[in-house]
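Asker: Here it is, the structure, as structure tokens.
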Amino acid sequence: MRAFQRLGSDPVLVDGPASIAKAKGIVLPGVGAFRDGMAVLRERRLVEPMRDAARGGKPVLGVCLGMQLLADRSEEYGDHEGLGLVSGKVVRLRAGVGERVPNIGWCDVTAGNCARLFRGVPSETSFYFVHSYHVQCASPGPVAASIRFGGASVTAALECGNVFGLQFHPEKSQDAGLAILENFLSVVEGASAP
């Protein structure tokens, strides 16, 4: 919330389904395990309102676990259903030589040319990650950016119409992270313009 406030926005903490309906855009943050994150959304009766908002064209941004919750399913501690806003599943990272899981620290992110959240952000900019799992998309279309980990390309950001996801923490990624959040605010303003 402080990062958005620093950018001149006035974020509101969601307290129920009505808050989602009133919001111009939604940020779904998250730290922890997939199963627990979905349980909290169900307890607060936010699953269907989140799905409805996204399907209705409202901009949605998932951050870290929030990005993973956008997927169909997760294999973290069993098999769990997600929000189903991006076709894919959440799988455990596989470390390569000299790497560890969880992946904690700065990683160079390669963004696609059309990635709206990365406008004005140079390719190979470093962002701060803390994760043991990642979204494996069913097709390459939603992958907006990636990192190299375990000798493979790992999804670092998603874009699927009005649904966005960031595996890294923009709020901990200095000016580059603020630029990403500012680009999301531009998407929200564009979506809410008459």
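Following the order of the structure tokens, first chain is A, next is B, and so on, with residues numbered from 1 inside each chain and ligands from 1 in the order they appear.
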Do a neighbour search on A:Gly78 at 12 Å with only C-alpha atoms, toss out local chain neighbours closer than 5 positions, and write the hits as a list in words.

Answerer: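 The residues satisfying every condition are Ala33, Phe34, Arg35, Asp36, Arg73, Val90, Val91 and Arg92 of chain A.
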
Asker: Generate the output file for the selected residues, N, CA and C atoms, as a compact mmCIF listing (two decimals), in the first residue's frame.

Answerer:
# COMPACT_ATOMS: atom_id res chain seq x y z
N ALA A 33 1.64 -20.07 1.57
CA ALA A 33 1.32 -21.24 0.76
C ALA A 33 0.02 -21.04 -0.02
N PHE A 34 -0.03 -21.64 -1.19
CA PHE A 34 -1.17 -21.55 -2.10
C PHE A 34 -2.47 -21.96 -1.42
N ARG A 35 -2.46 -23.13 -0.79
CA ARG A 35 -3.67 -23.66 -0.14
C ARG A 35 -4.23 -22.66 0.87
N ASP A 36 -3.36 -22.08 1.68
CA ASP A 36 -3.79 -21.13 2.70
C ASP A 36 -4.31 -19.84 2.07
N ARG A 73 -4.43 -24.25 -11.02
CA ARG A 73 -4.15 -25.21 -9.96
C ARG A 73 -2.74 -25.01 -9.42
N VAL A 90 0.78 -24.21 -10.92
CA VAL A 90 1.90 -23.77 -10.10
C VAL A 90 2.72 -25.01 -9.73
N VAL A 91 4.01 -24.96 -10.07
CA VAL A 91 4.91 -26.10 -9.83
C VAL A 91 6.14 -25.63 -9.06
N ARG A 92 6.81 -26.57 -8.43
CA ARG A 92 8.00 -26.25 -7.64
C ARG A 92 9.18 -25.90 -8.54

Asker: Contacts of stretch 74-77 of chain A at 12 Å or less, counting only C-alpha atoms, minus same-chain residues fewer than 5 places along, as a compact mmCIF listing (two decimals) with all heavy atoms, in the first residue's frame?

Answerer:
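Just written: around_27.txt:
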# COMPACT_ATOMS: atom_id res chain seq x y z
N GLY A 32 3.18 -16.80 1.52
CA GLY A 32 2.78 -18.04 2.16
C GLY A 32 2.47 -19.12 1.15
O GLY A 32 2.94 -19.10 0.02
N ALA A 33 1.64 -20.07 1.57
CA ALA A 33 1.32 -21.24 0.76
C ALA A 33 0.02 -21.04 -0.02
O ALA A 33 -0.91 -20.38 0.44
CB ALA A 33 1.19 -22.47 1.66
N PHE A 34 -0.03 -21.64 -1.19
CA PHE A 34 -1.17 -21.55 -2.10
C PHE A 34 -2.47 -21.96 -1.42
O PHE A 34 -3.47 -21.24 -1.48
CB PHE A 34 -0.89 -22.43 -3.32
CG PHE A 34 -1.86 -22.25 -4.46
CD1 PHE A 34 -1.53 -21.44 -5.53
CD2 PHE A 34 -3.08 -22.90 -4.47
CE1 PHE A 34 -2.40 -21.27 -6.59
CE2 PHE A 34 -3.95 -22.74 -5.52
CZ PHE A 34 -3.62 -21.93 -6.59
N ARG A 35 -2.46 -23.13 -0.79
CA ARG A 35 -3.67 -23.66 -0.14
C ARG A 35 -4.23 -22.66 0.87
O ARG A 35 -5.43 -22.39 0.90
CB ARG A 35 -3.35 -24.99 0.55
CG ARG A 35 -4.51 -25.57 1.35
CD ARG A 35 -4.07 -26.77 2.17
NE ARG A 35 -3.05 -26.33 3.13
CZ ARG A 35 -2.08 -27.11 3.60
NH1 ARG A 35 -1.99 -28.36 3.23
NH2 ARG A 35 -1.21 -26.64 4.46
N ASP A 36 -3.36 -22.08 1.68
CA ASP A 36 -3.79 -21.13 2.70
C ASP A 36 -4.31 -19.84 2.07
O ASP A 36 -5.29 -19.26 2.55
CB ASP A 36 -2.64 -20.83 3.66
CG ASP A 36 -2.18 -22.07 4.40
OD1 ASP A 36 -2.96 -23.04 4.51
OD2 ASP A 36 -1.03 -22.07 4.88
N GLY A 37 -3.66 -19.39 1.01
CA GLY A 37 -4.11 -18.18 0.33
C GLY A 37 -5.51 -18.34 -0.24
O GLY A 37 -6.36 -17.45 -0.10
N MET A 38 -5.76 -19.48 -0.88
CA MET A 38 -7.11 -19.73 -1.43
C MET A 38 -8.12 -19.89 -0.30
O MET A 38 -9.27 -19.44 -0.43
CB MET A 38 -7.11 -20.97 -2.33
CG MET A 38 -6.50 -20.74 -3.70
SD MET A 38 -7.26 -19.40 -4.68
CE MET A 38 -8.93 -20.03 -4.89
N LEU A 65 2.72 -14.72 -4.30
CA LEU A 65 1.68 -15.74 -4.18
C LEU A 65 0.41 -15.31 -4.90
O LEU A 65 -0.29 -16.13 -5.48
CB LEU A 65 1.39 -16.04 -2.70
CG LEU A 65 0.21 -17.00 -2.44
CD1 LEU A 65 0.50 -18.38 -3.02
CD2 LEU A 65 -0.09 -17.07 -0.96
N MET A 67 0.13 -13.81 -7.70
CA MET A 67 0.24 -14.22 -9.09
C MET A 67 -0.07 -15.71 -9.23
O MET A 67 -0.79 -16.12 -10.13
CB MET A 67 1.62 -13.94 -9.65
CG MET A 67 1.83 -14.48 -11.07
SD MET A 67 3.41 -13.99 -11.76
CE MET A 67 4.01 -15.54 -12.38
N GLN A 68 0.45 -16.51 -8.31
CA GLN A 68 0.21 -17.95 -8.38
C GLN A 68 -1.27 -18.29 -8.21
O GLN A 68 -1.79 -19.19 -8.86
CB GLN A 68 1.06 -18.66 -7.34
CG GLN A 68 2.56 -18.52 -7.61
CD GLN A 68 3.42 -19.09 -6.50
OE1 GLN A 68 2.95 -19.79 -5.61
NE2 GLN A 68 4.71 -18.78 -6.55
N LEU A 69 -1.96 -17.53 -7.36
CA LEU A 69 -3.39 -17.77 -7.14
C LEU A 69 -4.22 -17.52 -8.38
O LEU A 69 -5.35 -18.02 -8.49
CB LEU A 69 -3.90 -16.90 -5.98
CG LEU A 69 -3.29 -17.19 -4.61
CD1 LEU A 69 -3.79 -16.16 -3.59
CD2 LEU A 69 -3.58 -18.60 -4.14
N GLY A 82 -7.09 -23.01 -8.04
CA GLY A 82 -6.84 -21.58 -7.95
C GLY A 82 -8.02 -20.79 -8.51
O GLY A 82 -9.11 -21.33 -8.71
N LEU A 83 -7.79 -19.52 -8.81
CA LEU A 83 -8.84 -18.66 -9.33
C LEU A 83 -9.18 -18.97 -10.79
O LEU A 83 -10.26 -18.63 -11.25
CB LEU A 83 -8.43 -17.19 -9.19
CG LEU A 83 -8.38 -16.66 -7.76
CD1 LEU A 83 -7.72 -15.29 -7.72
CD2 LEU A 83 -9.78 -16.61 -7.16
N GLY A 84 -8.25 -19.58 -11.52
CA GLY A 84 -8.53 -19.95 -12.90
C GLY A 84 -8.60 -18.77 -13.85
O GLY A 84 -9.26 -18.83 -14.89
N SER A 87 -4.60 -19.69 -17.54
CA SER A 87 -4.52 -21.13 -17.74
C SER A 87 -3.10 -21.63 -17.47
O SER A 87 -2.16 -21.26 -18.16
CB SER A 87 -4.94 -21.47 -19.18
OG SER A 87 -4.98 -22.86 -19.35
N GLY A 88 -2.98 -22.45 -16.43
CA GLY A 88 -1.68 -22.99 -16.07
C GLY A 88 -1.70 -23.55 -14.67
O GLY A 88 -2.72 -23.53 -13.98
N LYS A 89 -0.55 -24.08 -14.25
CA LYS A 89 -0.45 -24.66 -12.91
C LYS A 89 0.81 -24.16 -12.23
O LYS A 89 1.77 -23.75 -12.88
CB LYS A 89 -0.46 -26.18 -12.99
CG LYS A 89 0.73 -26.78 -13.70
CD LYS A 89 0.64 -28.28 -13.77
CE LYS A 89 1.83 -28.85 -14.54
NZ LYS A 89 1.83 -30.29 -14.58
N VAL A 90 0.78 -24.21 -10.92
CA VAL A 90 1.90 -23.77 -10.10
C VAL A 90 2.72 -25.01 -9.73
O VAL A 90 2.18 -25.97 -9.18
CB VAL A 90 1.40 -23.02 -8.85
CG1 VAL A 90 2.57 -22.61 -7.97
CG2 VAL A 90 0.57 -21.81 -9.25
N VAL A 91 4.01 -24.96 -10.07
CA VAL A 91 4.91 -26.10 -9.83
C VAL A 91 6.14 -25.63 -9.06
O VAL A 91 6.48 -24.44 -9.06
CB VAL A 91 5.32 -26.77 -11.16
CG1 VAL A 91 4.11 -27.33 -11.90
CG2 VAL A 91 6.09 -25.81 -12.04
N ARG A 92 6.81 -26.57 -8.43
CA ARG A 92 8.00 -26.25 -7.64
C ARG A 92 9.18 -25.90 -8.54
O ARG A 92 9.36 -26.51 -9.60
CB ARG A 92 8.38 -27.44 -6.76
CG ARG A 92 9.53 -27.14 -5.80
CD ARG A 92 9.59 -28.14 -4.66
NE ARG A 92 10.76 -27.97 -3.83
CZ ARG A 92 10.92 -27.04 -2.90
NH1 ARG A 92 9.96 -26.18 -2.67
NH2 ARG A 92 12.03 -26.96 -2.19
N LEU A 93 9.95 -24.91 -8.13
CA LEU A 93 11.19 -24.58 -8.83
C LEU A 93 12.16 -25.75 -8.76
O LEU A 93 12.20 -26.46 -7.75
CB LEU A 93 11.86 -23.37 -8.19
CG LEU A 93 11.27 -22.00 -8.44
CD1 LEU A 93 11.93 -20.97 -7.52
CD2 LEU A 93 11.44 -21.59 -9.89
N HIS A 131 10.66 -16.96 -3.73
CA HIS A 131 9.65 -17.96 -4.11
C HIS A 131 10.28 -19.35 -4.25
O HIS A 131 11.46 -19.48 -4.55
CB HIS A 131 8.94 -17.57 -5.40
CG HIS A 131 9.83 -17.52 -6.62
ND1 HIS A 131 9.55 -18.19 -7.77
CD2 HIS A 131 11.01 -16.88 -6.85
CE1 HIS A 131 10.49 -17.96 -8.67
NE2 HIS A 131 11.39 -17.17 -8.12
N SER A 132 9.44 -20.35 -4.02
CA SER A 132 9.82 -21.74 -4.22
C SER A 132 9.02 -22.39 -5.34
O SER A 132 9.35 -23.48 -5.79
CB SER A 132 9.58 -22.54 -2.93
OG SER A 132 10.40 -22.06 -1.89
N TYR A 133 7.95 -21.72 -5.76
CA TYR A 133 7.06 -22.23 -6.80
C TYR A 133 6.90 -21.15 -7.87
O TYR A 133 7.20 -19.98 -7.63
CB TYR A 133 5.68 -22.59 -6.21
CG TYR A 133 5.73 -23.82 -5.35
CD1 TYR A 133 6.20 -23.77 -4.05
CD2 TYR A 133 5.34 -25.06 -5.86
CE1 TYR A 133 6.28 -24.91 -3.27
CE2 TYR A 133 5.41 -26.21 -5.09
CZ TYR A 133 5.89 -26.13 -3.80
OH TYR A 133 5.97 -27.26 -3.03
N HIS A 134 6.45 -21.57 -9.03
CA HIS A 134 6.23 -20.61 -10.13
C HIS A 134 5.07 -21.09 -10.99
O HIS A 134 4.70 -22.27 -10.98
CB HIS A 134 7.50 -20.43 -10.96
CG HIS A 134 7.88 -21.65 -11.74
ND1 HIS A 134 7.62 -21.79 -13.08
CD2 HIS A 134 8.51 -22.79 -11.37
CE1 HIS A 134 8.06 -22.97 -13.50
NE2 HIS A 134 8.61 -23.59 -12.48
N VAL A 135 4.51 -20.17 -11.76
CA VAL A 135 3.40 -20.50 -12.65
C VAL A 135 3.96 -21.04 -13.96
O VAL A 135 4.78 -20.40 -14.61
CB VAL A 135 2.51 -19.27 -12.94
CG1 VAL A 135 1.42 -19.63 -13.94
CG2 VAL A 135 1.90 -18.74 -11.65
N GLN A 136 3.50 -22.22 -14.32
CA GLN A 136 3.84 -22.84 -15.59
C GLN A 136 2.60 -22.69 -16.47
O GLN A 136 1.60 -23.38 -16.26
CB GLN A 136 4.19 -24.31 -15.37
CG GLN A 136 4.81 -25.01 -16.53
CD GLN A 136 5.24 -26.40 -16.10
OE1 GLN A 136 4.40 -27.24 -15.77
NE2 GLN A 136 6.53 -26.65 -16.08
N CYS A 137 2.64 -21.75 -17.40
CA CYS A 137 1.46 -21.46 -18.23
C CYS A 137 1.18 -22.59 -19.20
O CYS A 137 2.09 -23.26 -19.67
CB CYS A 137 1.67 -20.16 -19.00
SG CYS A 137 1.73 -18.71 -17.92

Asker: Between atom CA of A:Ser186 and atom CA of A:Phe129, measure the distance and give it in Å to one decimal.

Answerer: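 Separation between atom CA of A:Ser186 and atom CA of A:Phe129: 23.8 Å.
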
Asker: Which polymer residues have any atom within 10 Å of an atom of A:Asn113, counting only C-alpha atoms, with same-chain residues fewer than 3 positions away left out, as a VMD selection string?

Answerer: chain A and resid 110 116 118 to 119 123 144 to 145

Asker: Please identify which residues in chain A DSSP calls strand (DSSP E) from the backbone, and express them as a PyMOL selection string.

Answerer: chain A and resi 26-28+60-63+71-74+80-81+86-92+103-111+125-131+133-137+143-149+152-160+163-166

Asker: Return the single residue from A:Gly96, A:Pro142, A:Gly66, A:Gly57 that is closest to A:Ser192, with distances computed using only C-alpha atoms.

Answerer: A:Gly57

Asker: Pick out the residues sitting within 12 Å of A:Ser146, and hand them over as a ChimeraX atom specification; count only C-alpha atoms, and ignore anything fewer than 4 positions along from it in its own chain.

Answerer: /A:107-112,115,118,123-127,129,134-137,140,142,152-159,165-168

Asker: Using only C-alpha atoms, which protein or nucleic acid residues come within 12 Å of A:Arg55? Drop anything in the same chain fewer than 6 positions from it, and give the result as an MDAnalysis selection string.

Answerer: chainID A and resid 48:49 83:86 160:163

Asker: Please identify the alpha helix (DSSP H) residues within stretch 4-184 of chain A (assignment by DSSP from backbone atoms) and present them as a PyMOL selection string.

Answerer: chain A and resi 4-6+17-22+34-43+47-55+65-69+174-184

Asker: So how far away is atom CA of A:Gln5 from atom CA of A:Arg42, in Å?

Answerer: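 So the two atoms, atom CA of A:Arg42 and atom CA of A:Gln5, lie 27.9 Å apart.
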
Asker: To one decimal place in Å, what is the distance between atom CA of A:Gly98 and atom CA of A:Val130?

Answerer: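 For atom CA of A:Gly98 relative to atom CA of A:Val130, the distance reads 16.6 Å.
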
Asker: Could you check the closest approach to A:Pro59 for each of A:Gly25, A:Pro17, A:Gly141, A:Pro122 and tell me which residue wins, using only C-alpha atoms?

Answerer: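 Looking only at the distances to A:Pro59, the closest residue turns out to be A:Gly25.
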